[in-house]
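First the structure, in the form of structure tokens, and then the observations on it.
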Amino acid sequence: MAKKREPEPPPPSISGSVNDLVDSVRSAAGRALDNTGRTVTSVGKLSTIPPDTIELIAELPKVMLAMADMIERANAVIDRAERLTAIADPALNTLDAVLPPLVEVTDKLSDVQRGVNKLPGVSHLRKAARLDE
């Protein structure tokens with residue numbers, strides 16, 4: 001008999017990572033926008049780049065790595081969902097095949113019950129068997 005694989009642990013929270021990433025990018029971008037007004041320009045000189053803009057540019061590799069990590073986690077979740085679907089698919093197909101005949105049988109049993117209830121004397125038998133309670 002083959003060994004059962006242990007279930008994979010759930011991936012770390014993707015939403016927490018996304019929120020942290022968004023907060024850090026938002027704060028760095030906000031500082032960069034605040035400093036754009038402080039850019040010094042003069043005749044014959046190029047604009048200086050504000051320090052916060054340089055910091056934002058320096059954060060880009062970190063942002064890219066965080067995005068790659070989130071994509072990896074999302075792929076793991078998608079793979080897990082595909083495996084669950086593959087397991088559940090035969091069961092759902094079986095239910096699709098079994099349910100229509102069961103509905104027919106219950107309809108026929110209801111018809112039989114209605115027919116039996118119309119027979120004379122059935123109400124007296126129910127009272128005697130205490131089935132009306």
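The chains in the structure tokens are called A, B, ... from first to last as shown; in each chain the residues are counted from 1, and the ligands are counted from 1 in the order shown.
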Within 8 Å of segment 55-61 of chain A using only C-alpha atoms, minus same-chain residues under 3 positions, as a PyMOL selection string: chain A and resi 25+28-29+32+51-52+64-65
Give me a file of those residues, with N, CA and C atoms, as a PDB file, in the first residue's frame.
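Once everything was written out, this is result_4.pdb:
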```pdb
ATOM      1  N   VAL A  25       5.144  51.123  -0.274  1.00  0.00           N
ATOM      2  CA  VAL A  25       5.209  51.846  -1.546  1.00  0.00           C
ATOM      3  C   VAL A  25       4.476  53.171  -1.440  1.00  0.00           C
ATOM      4  N   ALA A  28       6.630  55.659   0.575  1.00  0.00           N
ATOM      5  CA  ALA A  28       7.794  56.122  -0.193  1.00  0.00           C
ATOM      6  C   ALA A  28       7.354  57.039  -1.331  1.00  0.00           C
ATOM      7  N   ALA A  29       6.259  56.692  -2.000  1.00  0.00           N
ATOM      8  CA  ALA A  29       5.766  57.540  -3.092  1.00  0.00           C
ATOM      9  C   ALA A  29       5.274  58.878  -2.555  1.00  0.00           C
ATOM     10  N   ALA A  32       8.251  60.999  -1.902  1.00  0.00           N
ATOM     11  CA  ALA A  32       8.835  61.449  -3.169  1.00  0.00           C
ATOM     12  C   ALA A  32       8.022  62.598  -3.753  1.00  0.00           C
ATOM     13  N   PRO A  51      15.966  63.029  -2.298  1.00  0.00           N
ATOM     14  CA  PRO A  51      16.407  61.806  -1.637  1.00  0.00           C
ATOM     15  C   PRO A  51      15.304  60.751  -1.525  1.00  0.00           C
ATOM     16  N   ASP A  52      14.068  61.188  -1.339  1.00  0.00           N
ATOM     17  CA  ASP A  52      12.979  60.216  -1.221  1.00  0.00           C
ATOM     18  C   ASP A  52      12.712  59.503  -2.543  1.00  0.00           C
ATOM     19  N   MET A  64       9.789  44.202  -6.112  1.00  0.00           N
ATOM     20  CA  MET A  64       9.733  43.146  -7.126  1.00  0.00           C
ATOM     21  C   MET A  64       9.817  41.758  -6.475  1.00  0.00           C
ATOM     22  N   LEU A  65      10.712  41.608  -5.488  1.00  0.00           N
ATOM     23  CA  LEU A  65      10.833  40.328  -4.786  1.00  0.00           C
ATOM     24  C   LEU A  65       9.552  39.994  -4.024  1.00  0.00           C
TER      25      LEU A  65
END
```
Distance of atom CA of Val22 of chain A from atom CA of Met67 of chain A, expressed in Å to one decimal place: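 Atom-to-atom, atom CA of Met67 of chain A and atom CA of Val22 of chain A are spaced 10.6 Å apart.
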Minimum-distance residue to Lys62 of chain A, chosen among A:Ser24, A:Asn75, A:Asn93, A:Thr85 (using only C-alpha atoms):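 The shortest atom-to-atom distance to Lys62 of chain A comes from A:Ser24.
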Interatomic distance (Å, one decimal) between atom CA of Thr106 of chain A and atom CA of Ala128 of chain A: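 Atom CA of Ala128 of chain A lies 26.7 Å from atom CA of Thr106 of chain A.
Here atom CA of Gly30 of chain A and atom CA of Thr53 of chain A stand 9.6 Å from one another.
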